[in-house]
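Asks: Input structure: query-v8.cif, which contains mmCIF, C-alpha atoms.
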data_final
#
loop_
_atom_site.label_atom_id
_atom_site.label_comp_id
_atom_site.auth_asym_id
_atom_site.auth_seq_id
_atom_site.Cartn_x
_atom_site.Cartn_y
_atom_site.Cartn_z
CA ARG A 1 2.71 33.55 -21.56
CA VAL A 2 4.39 30.37 -22.82
CA ALA A 3 7.12 30.87 -20.21
CA VAL A 4 4.51 30.93 -17.44
CA PHE A 5 2.96 27.67 -18.65
CA SER A 6 6.36 26.01 -19.00
CA PHE A 7 7.43 27.21 -15.56
CA GLN A 8 4.42 25.62 -13.94
CA ASN A 9 4.84 22.40 -15.87
CA SER A 10 8.37 21.92 -14.54
CA HIS A 11 7.97 23.25 -10.96
CA SER A 12 4.65 21.93 -9.70
CA ALA A 13 5.75 18.43 -8.72
CA SER A 14 4.79 19.17 -5.14
CA TYR A 15 1.11 19.26 -6.13
CA SER A 16 1.18 15.53 -6.88
CA ALA A 17 1.76 14.79 -3.19
CA LEU A 18 -2.00 15.23 -2.74
CA ALA A 19 -2.71 12.24 -4.99
CA THR A 20 0.00 9.75 -4.04
CA ARG A 21 -0.62 6.10 -3.35
CA THR A 22 -0.29 4.35 -0.03
CA TRP A 23 -0.72 0.89 1.41
CA THR A 24 -4.32 0.24 2.41
CA PRO A 25 -5.21 -0.89 5.96
CA PHE A 26 -5.88 -4.37 4.57
CA ALA A 27 -2.45 -4.42 2.92
CA ARG A 28 -0.79 -3.30 6.15
CA TRP A 29 -2.50 -6.13 8.00
CA ARG A 30 -1.42 -8.57 5.29
CA LEU A 31 2.20 -7.37 5.09
CA ARG A 32 2.96 -7.02 8.78
CA GLU A 33 4.94 -9.94 10.12
CA TYR A 34 4.39 -11.76 13.39
CA CYS A 35 5.93 -10.05 16.42
CA GLU A 36 7.07 -7.12 14.26
CA VAL A 37 7.23 -3.84 16.16
CA GLU A 38 5.59 -0.76 14.66
CA HIS A 39 8.70 1.25 13.83
CA SER A 40 10.37 -1.68 12.06
CA PHE A 41 7.22 -2.27 10.05
CA GLN A 42 7.02 1.40 9.07
CA GLN A 43 10.65 1.40 7.95
CA ARG A 44 10.10 -1.68 5.81
CA LEU A 45 7.04 -0.17 4.15
CA SER A 46 8.82 3.15 3.61
CA ARG A 47 11.56 1.39 1.65
CA SER A 48 8.94 -0.17 -0.63
CA TYR A 49 7.08 3.00 -1.67
CA LYS A 50 9.40 4.05 -4.48
CA SER A 51 9.48 0.62 -6.12
CA SER A 52 5.72 0.21 -5.68
CA HIS A 53 5.04 3.56 -7.35
CA GLU A 54 7.29 2.63 -10.25
CA TYR A 55 5.51 -0.70 -10.69
CA VAL A 56 2.01 0.80 -10.96
CA GLN A 57 3.30 3.51 -13.31
CA MET A 58 4.32 0.82 -15.81
CA PHE A 59 0.65 0.10 -16.48
CA ASN A 60 -0.48 3.64 -17.28
CA LEU A 61 -2.44 3.89 -20.51
CA GLU A 62 -0.81 6.01 -23.22
CA PHE A 63 -4.06 7.88 -23.91
CA LEU A 64 -4.50 8.64 -20.22
CA THR A 65 -0.90 9.86 -20.04
CA ILE A 66 -1.45 12.25 -22.95
CA VAL A 67 -4.64 13.65 -21.43
CA SER A 68 -2.92 14.05 -18.06
CA ARG A 69 0.01 15.94 -19.60
CA PHE A 70 -2.41 18.25 -21.41
CA ALA A 71 -4.48 18.86 -18.25
CA THR A 72 -1.36 19.54 -16.22
CA PHE A 73 -0.04 22.03 -18.77
CA VAL A 74 -3.30 23.96 -19.23
CA PHE A 75 -4.77 23.96 -15.73
CA GLY A 76 -1.35 24.32 -14.16
CA GLY A 77 -0.68 27.39 -16.24
CA LEU A 78 -3.97 28.93 -15.15
CA LEU A 79 -3.06 28.16 -11.55
CA VAL A 80 0.28 29.93 -11.87
CA VAL A 81 -1.41 32.98 -13.44
CA LEU A 82 -3.86 33.26 -10.55
CA VAL A 83 -1.10 32.82 -7.98
CA LEU A 84 1.06 35.49 -9.63
CA LEU A 85 -1.87 37.91 -9.82
CA SER A 86 -2.63 37.33 -6.14
CA VAL A 87 0.97 38.28 -5.37
CA VAL A 88 0.90 41.43 -7.50
CA PHE A 89 -2.43 42.70 -6.21
CA ASP A 90 -3.59 43.06 -2.62
CA ASP A 91 -5.35 40.43 -0.53
CA GLU A 92 -8.75 41.52 -1.74
CA PHE A 93 -7.98 39.88 -5.08
CA LEU A 94 -8.08 36.41 -3.49
CA PHE A 95 -11.63 36.99 -2.25
CA ALA A 96 -12.88 38.64 -5.43
CA ASP A 97 -15.40 36.67 -7.52
CA LEU A 98 -13.67 35.26 -10.58
CA THR A 99 -16.93 33.59 -11.63
CA PRO A 100 -20.42 34.03 -10.15
CA HIS A 101 -20.28 33.05 -6.46
CA ARG A 102 -16.76 31.59 -6.83
CA SER A 103 -13.73 33.52 -5.59
CA VAL A 104 -10.16 33.40 -6.85
CA SER A 105 -9.03 31.40 -3.80
CA TRP A 106 -11.72 28.79 -4.53
CA TRP A 107 -10.47 28.38 -8.09
CA ILE A 108 -6.86 28.14 -6.91
CA GLY A 109 -7.85 25.23 -4.68
CA ILE A 110 -9.81 23.47 -7.44
CA LEU A 111 -7.04 23.92 -10.00
CA GLY A 112 -4.50 22.66 -7.48
CA VAL A 113 -6.47 19.45 -7.00
CA ILE A 114 -6.82 18.94 -10.77
CA VAL A 115 -3.12 19.46 -11.30
CA ALA A 116 -2.26 17.09 -8.46
CA VAL A 117 -4.44 14.30 -9.85
CA SER A 118 -3.27 14.76 -13.43
CA ARG A 119 0.40 14.84 -12.47
CA SER A 120 0.05 11.63 -10.47
CA MET A 121 -1.03 9.87 -13.68
CA ILE A 122 2.08 10.90 -15.61
CA PRO A 123 4.80 8.22 -15.42
CA ASP A 124 8.46 9.03 -15.04
CA PRO A 125 9.87 9.56 -18.57
CA HIS A 126 13.06 7.74 -17.53
CA LEU A 127 11.17 4.74 -16.15
CA VAL A 128 12.36 1.40 -17.56
CA ILE A 129 9.39 -0.86 -18.30
CA ALA A 130 10.26 -4.10 -16.51
CA PRO A 131 7.28 -5.17 -14.38
CA ALA A 132 8.68 -8.60 -13.46
CA ARG A 133 11.90 -7.18 -12.09
CA GLN A 134 10.16 -4.31 -10.32
CA LEU A 135 7.57 -6.50 -8.63
CA ARG A 136 10.32 -8.82 -7.40
CA VAL A 137 12.00 -5.79 -5.83
CA VAL A 138 8.73 -4.91 -4.07
CA ALA A 139 8.31 -8.52 -2.94
CA ALA A 140 11.83 -8.54 -1.50
CA LEU A 141 10.98 -5.47 0.59
CA THR A 142 7.45 -6.41 1.62
CA HIS A 143 8.02 -10.18 1.89
CA TYR A 144 4.74 -10.70 0.05
CA MET A 145 4.43 -12.52 -3.27
CA PRO A 146 1.27 -14.60 -3.78
CA PRO A 147 1.69 -17.67 -6.00
CA ALA A 148 -0.77 -16.19 -8.51
CA TRP A 149 1.66 -13.33 -9.18
CA VAL A 150 4.67 -15.52 -9.94
CA ASN A 151 5.51 -15.48 -13.67
CA HIS A 152 2.49 -13.19 -14.21
CA GLU A 153 4.00 -9.91 -13.04
CA ASP A 154 3.06 -8.10 -16.27
CA SER A 155 -0.55 -9.29 -16.39
CA ALA A 156 -3.56 -7.05 -15.84
CA ASP A 157 -4.89 -9.32 -13.07
CA THR A 158 -1.68 -8.99 -11.06
CA TYR A 159 -1.75 -5.23 -11.51
CA GLN A 160 -5.36 -5.06 -10.33
CA ASP A 161 -4.59 -7.15 -7.25
CA PHE A 162 -1.54 -5.04 -6.45
CA SER A 163 -3.36 -1.74 -7.00
CA HIS A 164 -6.06 -2.81 -4.54
CA LEU A 165 -3.32 -3.12 -1.91
CA PHE A 166 -1.42 -0.01 -3.02
CA GLN A 167 -4.24 2.51 -3.50
CA TYR A 168 -4.61 6.26 -3.90
CA GLN A 169 -4.74 8.08 -0.58
CA ALA A 170 -8.01 9.76 -1.58
CA VAL A 171 -9.59 6.36 -2.22
CA VAL A 172 -8.31 5.02 1.10
CA ALA A 173 -9.77 8.02 2.93
CA LEU A 174 -13.11 7.56 1.15
CA GLU A 175 -13.17 3.86 2.04
CA GLU A 176 -12.48 4.72 5.67
CA ILE A 177 -15.45 7.09 5.71
CA ILE A 178 -17.70 4.51 4.10
CA GLY A 179 -16.40 1.91 6.54
CA VAL A 180 -17.65 3.97 9.48
CA LEU A 181 -21.13 3.90 7.96
CA ILE A 182 -21.30 0.20 7.08
CA THR A 183 -19.53 -1.16 10.18
CA PRO A 184 -22.77 -1.39 12.25
CA TYR A 185 -24.39 -3.37 9.44
CA MET A 186 -21.40 -5.75 9.24
CA LEU A 187 -21.40 -6.29 13.00
CA LEU A 188 -25.13 -6.95 13.15
CA PHE A 189 -25.69 -9.10 10.05
CA LYS A 190 -22.36 -10.41 8.72
CA LEU A 191 -20.18 -11.07 11.75
CA PRO A 192 -22.54 -13.62 13.43
CA ALA A 193 -22.15 -15.89 10.40
CA CYS A 194 -18.36 -15.87 10.94
CA ALA A 195 -18.56 -16.75 14.63
CA ASP A 196 -17.81 -20.46 14.08
CA GLY A 197 -14.70 -19.63 12.05
CA ILE A 198 -13.45 -17.16 14.66
CA VAL A 199 -13.91 -19.68 17.47
CA ALA A 200 -12.24 -22.40 15.37
CA PHE A 201 -9.20 -20.16 14.79
CA PHE A 202 -8.73 -19.59 18.53
CA HIS A 203 -9.14 -23.32 19.13
CA ASN A 204 -6.70 -24.40 16.41
CA TYR A 205 -4.02 -21.76 16.89
CA THR A 206 -3.76 -21.42 20.67
CA LEU A 207 -0.72 -22.78 22.53
CA HIS A 208 0.02 -22.80 26.23
CA GLN A 209 3.42 -21.44 27.22
CA ASP A 210 4.76 -22.00 30.72
CA GLY A 211 5.11 -18.73 32.57
CA ILE A 212 3.11 -16.86 29.92
CA GLY A 213 -0.19 -18.60 29.41
CA ASP A 214 -2.22 -19.11 26.27
CA VAL A 215 -0.74 -17.42 23.20
CA CYS A 216 -1.26 -17.52 19.44
CA SER A 217 0.91 -20.19 17.84
CA PHE A 218 2.23 -17.73 15.26
CA ALA A 219 3.48 -15.44 18.05
CA VAL A 220 6.03 -18.11 19.01
CA PHE A 221 6.96 -18.72 15.34
CA ASN A 222 5.32 -22.12 15.23
CA LEU A 223 6.32 -23.92 12.02
CA ARG A 224 5.70 -27.56 12.73
CA GLY A 225 2.96 -27.68 15.34
CA ASP A 226 5.38 -27.88 18.25
CA ARG A 227 5.97 -25.26 20.95
CA GLY A 228 7.59 -22.88 18.52
CA LEU A 229 10.85 -22.24 16.68
CA SER A 230 13.80 -21.64 18.95
CA PRO A 231 16.95 -19.70 17.98
CA ASP A 232 18.79 -23.02 17.59
CA GLY A 233 16.24 -24.14 15.04
CA LEU A 234 16.53 -20.99 12.95
CA GLY A 235 19.27 -22.39 10.73
CA ASP A 236 17.31 -25.57 10.07
CA ALA A 237 14.20 -23.61 9.05
CA LEU A 238 16.16 -21.29 6.77
CA GLY A 239 18.13 -24.16 5.29
CA GLU A 240 14.97 -26.08 4.48
CA GLY A 241 13.55 -23.03 2.72
CA SER A 242 10.22 -23.70 1.14
CA SER A 243 10.32 -27.37 2.12
CA ALA A 244 9.17 -26.41 5.60
CA ALA A 245 5.93 -25.18 4.10
CA SER A 246 5.30 -28.55 2.43
CA ARG A 247 5.06 -30.37 5.75
CA THR A 248 1.80 -31.60 7.18
CA PRO A 249 -0.22 -28.64 8.46
CA MET A 250 -0.50 -28.15 12.20
CA HIS A 251 -4.24 -28.77 12.02
CA THR A 252 -5.95 -30.71 9.26
CA ALA A 253 -8.89 -28.32 9.39
CA VAL A 254 -6.74 -25.66 7.74
CA PRO A 255 -6.47 -25.88 3.91
CA PRO A 256 -2.92 -26.86 2.79
CA ALA A 257 -2.55 -23.79 0.55
CA THR A 258 -3.44 -21.47 3.40
CA SER A 259 -1.07 -23.27 5.75
CA LYS A 260 1.81 -22.97 3.25
CA GLN A 261 1.33 -19.20 2.98
CA GLN A 262 1.13 -18.89 6.75
CA GLU A 263 4.29 -20.92 7.30
CA ASP A 264 6.15 -18.89 4.66
CA LYS A 265 5.15 -15.78 6.58
CA VAL A 266 6.41 -17.34 9.81
CA VAL A 267 9.81 -18.00 8.20
CA HIS A 268 10.08 -14.37 7.06
CA SER A 269 9.00 -13.26 10.53
CA VAL A 270 11.72 -15.34 12.15
CA ILE A 271 14.38 -13.85 9.86
CA SER A 272 13.28 -10.27 10.54
CA PHE A 273 12.91 -10.83 14.26
CA ARG A 274 16.39 -12.32 14.49
CA GLU A 275 17.86 -9.38 12.54
CA HIS A 276 16.31 -6.84 14.91
CA HIS A 277 16.90 -8.92 18.06
CA PRO A 278 20.24 -10.72 17.61
CA GLN A 279 20.31 -11.62 21.32
CA TRP A 280 17.23 -13.84 20.85
#
Is it possible to express this structure as structure tokens?
Replies:
Amino acid sequence: RVAVFSFQNSHSASYSALATRTWTPFARWRLREYCEVEHSFQQRLSRSYKSSHEYVQMFNLEFLTIVSRFATFVFGGLLVVLVLLSVVFDDEFLFADLTPHRSVSWWIGILGVIVAVSRSMIPDPHLVIAPARQLRVVAALTHYMPPAWVNHEDSADTYQDFSHLFQYQAVVALEEIIGVLITPYMLLFKLPACADGIVAFFHNYTLHQDGIGDVCSFAVFNLRGDRGLSPDGLGDALGEGSSAASRTPMHTAVPPATSKQQEDKVVHSVISFREHHPQW
């Protein structure tokens, strides 16, 4: 009996795939760079998953870890017993009532979900607790590091902000379902109040390009309010580093802090675009 429980505890890692984390739609919108094609964006996010998982695991509560290990051991063992019995006996065993009005197959599904959730809350025993270093690794891959996170990588506020971007898949799916229900309300009552801001954005960030027409200024990697950053100006922008973000914003209506973040994103976009399109 102990062997069955131990076997499940060491061989049911695949169950945790049901409760993994993923980048939310808002995070994907925030992390995607200007003029970045879909497959390049997916590759960049894929490289960040492992480091992002390790970062959030550093904040697991010890009590929650103990409870998760216990739940995984007990419920996982019961799951293995039911699976083994279903193999030994015929197919009718799966549809037999284990409890009133609940078949064996129903309990296998429920236990599988419990094991998946509990295992996802167990950190890697070989994980080195270094949140500052790990978050910098994630920032290097995602090109996203808000000023509030700098020198506060191990704080609870930074973890909460990061976990809202890197959320459980079940939570993301639930939010998508709720979003379908509340979208009509947002369009009818909330969006009209934002109309002035939307029109102001199009007015402030629209440039006319000969042979193309009106385009968004960020689409031409606009850093300084001119017609955009050319390949010859790439070295100057990279050499200036963060000093480019300290210049006068393109439009005074935009808050300086917001403009600095936008221009930093433009610089990263230029670097990535040049790496994937060296002929540009």
Asks: Counting only C-alpha atoms, what is within 12 Å of Ala170 of chain A, bar same-chain residues fewer than 4 positions away, as an MDAnalysis selection string?
Replies: chainID A and resid 17:24 113 116:117 166 174:177
Asks: Would you list the contacts of Ser52 of chain A as a count of residues only, taking every protein, DNA or RNA residue within 8 Å and counting all atoms listed in the file, but skipping same-chain residues closer than 5 positions in sequence?
Replies: 4
Asks: What's the 7 Å shell around segment 69-72 of chain A, counting only C-alpha atoms, without same-chain residues fewer than 3 positions away, as JSON, numbers by chain?
Replies: {"A": [9, 65, 66, 75, 76, 115, 118, 119, 122]}
Asks: When you count only C-alpha atoms, which of these residues is closest to Ser51 of chain A: A:Leu141, A:Asp161, A:Asn151, A:Cys216?
Replies: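 Of A:Leu141, A:Asp161, A:Asn151, A:Cys216, the one nearest Ser51 of chain A, counting only C-alpha atoms, is A:Leu141.
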Asks: Could you check how far atom CA of Gly179 of chain A sits from atom CA of Gly112 of chain A, in Å to one decimal?
Replies: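 Atom CA of Gly179 of chain A sits 27.7 Å away from atom CA of Gly112 of chain A.
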Asks: Pick the closest to Asp264 of chain A from A:Ile198, A:Leu61, A:Ala173, A:Met145: which is it, counting only C-alpha atoms?
Replies: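 Checking each candidate against Asp264 of chain A, we get A:Met145 as the closest.
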Asks: Can you tell me how far atom CA of Glu54 of chain A sits from atom CA of Phe73 of chain A, in Å to one decimal?
Replies: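 Between atom CA of Glu54 of chain A and atom CA of Phe73 of chain A the gap is 22.4 Å.
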Asks: Evaluate the PyMOL selection byres ((chain A and resi 271-273) around 9) and record the selected residues as a list in words, following the chain and residue labels used in the document.
Replies: Glu33, Tyr34, Cys35, Glu36, Leu234, Leu238, Val266, Val267, His268, Ser269, Val270, Arg274, Glu275, His276, His277, Pro278 and Trp280 of chain A
Asks: Tell me, in Å to one decimal, how far atom CA of Trp149 of chain A is from atom CA of Tyr205 of chain A.
Replies: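 Atom CA of Tyr205 of chain A lies at a distance of 28.0 Å from atom CA of Trp149 of chain A.
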